[in-house]
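K.L.:
The structure's right below; bear with me while I get my questions together.
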Amino acid sequence: MIVAYGILGLLALLAAAGYICLLFACRRGKAFDPRDEKAVARSAWAKYAEPVLSGVAWLAAQETEELHIESFDGLHLAGRVLDCPGPRRGTILLFHGYRSMAAVDFSCALEFYQARGFRLLLIDQRAHGHSQGKYLTYGVLERRDCQSWAWAAYEKFGPEEPLYLDGLSMGASTVLMAADLPMPPAVRGIIADCGFTSPWEIIAHVMKSRYRLPPFPLLYLMDFFARRLARFGLRDCATVDAVARTRLPILLIHGAADRFVPCEMSRRAYAACASPKRLVVVEGAGHGASFLVDRDACVRALEAFFRETL
């Protein structure tokens, strides 16, 4: 009986640990104010607080239009449109990263995109910002939200308006996982900066590298609870599978010094991609910082990508 109770107690403890890990990794996070200098200083953008805050302030001074859609599973999703004053070349849909927002993740690229003639659609991913949702799903359900946003932009801006899907970190994984879904014919390409291959692989990597935790059995327990509570599995989707089936041109960007999402994950996506592709690896750039570390290299790659696909 003692042994039996001990085993039951251990199983209960492991189940509780798996449940807590799922909540820690996937539950909606605390609202983040990008105008708060202290909040930015505590975030992953602390090293680049000055240019990030400058970009956020620039966006706050612009006039934007709110846009709302309903997700495939009934969630209210929010975004806002920033138009460009001159001749327009197209619209770029911006998908932010894990527990962040487009105003922060793309703060240093917004003015560049607008000056190049692009209207911008800054999207709050599910369980972020003004969009509904209790759980974020590392791109698994977000990829279908991405598809919905693309069709909404197609209907709103017209069939002649070229569209691009652009994501950073989890947003990059979102747009890459959406690459093989039926998209409007106006979608010309995908830009993905430092995306991970799958929820399973990035959580396993973070567990080992940051917390010194073994994937077994916690990752399997997290997957169990994710399927029952958040309606997704950690191995349901992978970028390498989606890009192997897409026709869309893809530009991959990744910092060589990224310790959060290994650069190897973008290299694998590049190797698997069956469509026209380009990979830019920025030496010395950490996670999501490629545009900040080597703006010229990123700008050259983006301008070449637009020339080739417009």
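Residues in the structure tokens are named by chain (A, B, ... in the order shown) and by number from 1 within that chain; ligands are numbered from 1 in the order shown.
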Would you kindly return, as a ChimeraX atom specification, each protein, DNA or RNA residue with an atom no farther than 7 Å from any atom of stretch 201-218 of chain A, considering only C-alpha atoms and excluding same-chain residues fewer than 4 positions away?
P.N.:
/A:18,196-197,222,261
K.L.:
DSSP on the backbone: what in stretch 17-263 of chain A comes out strand (DSSP E or B), as a PyMOL selection string?
P.N.:
chain A and resi 27+65-70+76-82+90-95+118-123+135+163-168+187-193+250-255
K.L.:
Write out as CSV the residues of stretch 114-204 of chain A that have any atom within 6 Å of an atom of stretch 232-239 of chain A, one row each with the nearest atom pair and its distance in Å to one decimal, counting only C-alpha atoms, sorted by chain and then rising number.
P.N.:
residue,atom,partner,partner_atom,distance
A:Val140,CA,A:Cys237,CA,6.0
A:Leu176,CA,A:Thr239,CA,5.4
A:Met177,CA,A:Thr239,CA,4.9
A:Thr197,CA,A:Thr239,CA,5.0
A:Ser198,CA,A:Ala238,CA,4.6
A:Pro199,CA,A:Leu234,CA,5.0
A:Trp200,CA,A:Leu234,CA,4.9
K.L.:
Report the closest atom pair, with its distance in Å rounded to one decimal, for each residue of stretch 206-254 of chain A that has an atom no farther than 12 Å from stretch 148-167 of chain A; count only C-alpha atoms, sort by chain and then rising residue number, and write it as JSON lines.
P.N.:
{"residue": "A:Leu248", "atom": "CA", "partner": "A:Tyr164", "partner_atom": "CA", "distance": 10.0}
{"residue": "A:Pro249", "atom": "CA", "partner": "A:Tyr164", "partner_atom": "CA", "distance": 10.1}
{"residue": "A:Ile250", "atom": "CA", "partner": "A:Leu165", "partner_atom": "CA", "distance": 9.6}
{"residue": "A:Leu251", "atom": "CA", "partner": "A:Asp166", "partner_atom": "CA", "distance": 9.4}
{"residue": "A:Leu252", "atom": "CA", "partner": "A:Gly167", "partner_atom": "CA", "distance": 10.1}
{"residue": "A:Ile253", "atom": "CA", "partner": "A:Gly167", "partner_atom": "CA", "distance": 10.3}
{"residue": "A:His254", "atom": "CA", "partner": "A:Gly167", "partner_atom": "CA", "distance": 11.9}
K.L.:
Write out as a ChimeraX atom specification the residues lying within 7 Å of stretch 30-40 of chain A, counting only C-alpha atoms and excluding same-chain residues fewer than 2 positions away.
P.N.:
/A:28,42-43,45-46,49,53,56,104,129
K.L.:
Could you state the separation of atom CA of A:Ala102 and atom CA of A:Leu122 in Å, given to one decimal place?
P.N.:
5.7 Å
K.L.:
Using only C-alpha atoms, can you tell me which of A:Ala301, A:Ala274, A:Leu141, A:Leu13 comes closest to A:Phe72?
P.N.:
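Among the listed residues, the smallest separation from A:Phe72 belongs to A:Leu141.
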K.L.:
Do a neighbour search on A:Leu67 at 9 Å with only C-alpha atoms, toss out local chain neighbours closer than 6 positions, and write the hits as a PyMOL selection string.
P.N.:
chain A and resi 77-81+121+123
K.L.:
Using only C-alpha atoms, please write the residues we just selected to a file, as an mmCIF file, in the first residue's frame.
P.N.:
data_model
loop_
_atom_site.group_PDB
_atom_site.id
_atom_site.type_symbol
_atom_site.label_atom_id
_atom_site.label_comp_id
_atom_site.auth_asym_id
_atom_site.auth_seq_id
_atom_site.Cartn_x
_atom_site.Cartn_y
_atom_site.Cartn_z
ATOM 1 C CA LEU A 77 -9.478 39.089 -33.411
ATOM 2 C CA ALA A 78 -8.214 42.646 -33.628
ATOM 3 C CA GLY A 79 -5.772 44.530 -35.810
ATOM 4 C CA ARG A 80 -5.116 48.043 -37.022
ATOM 5 C CA VAL A 81 -4.259 49.448 -40.414
ATOM 6 C CA LEU A 121 -1.838 45.645 -40.979
ATOM 7 C CA ILE A 123 -2.304 42.130 -35.976
#
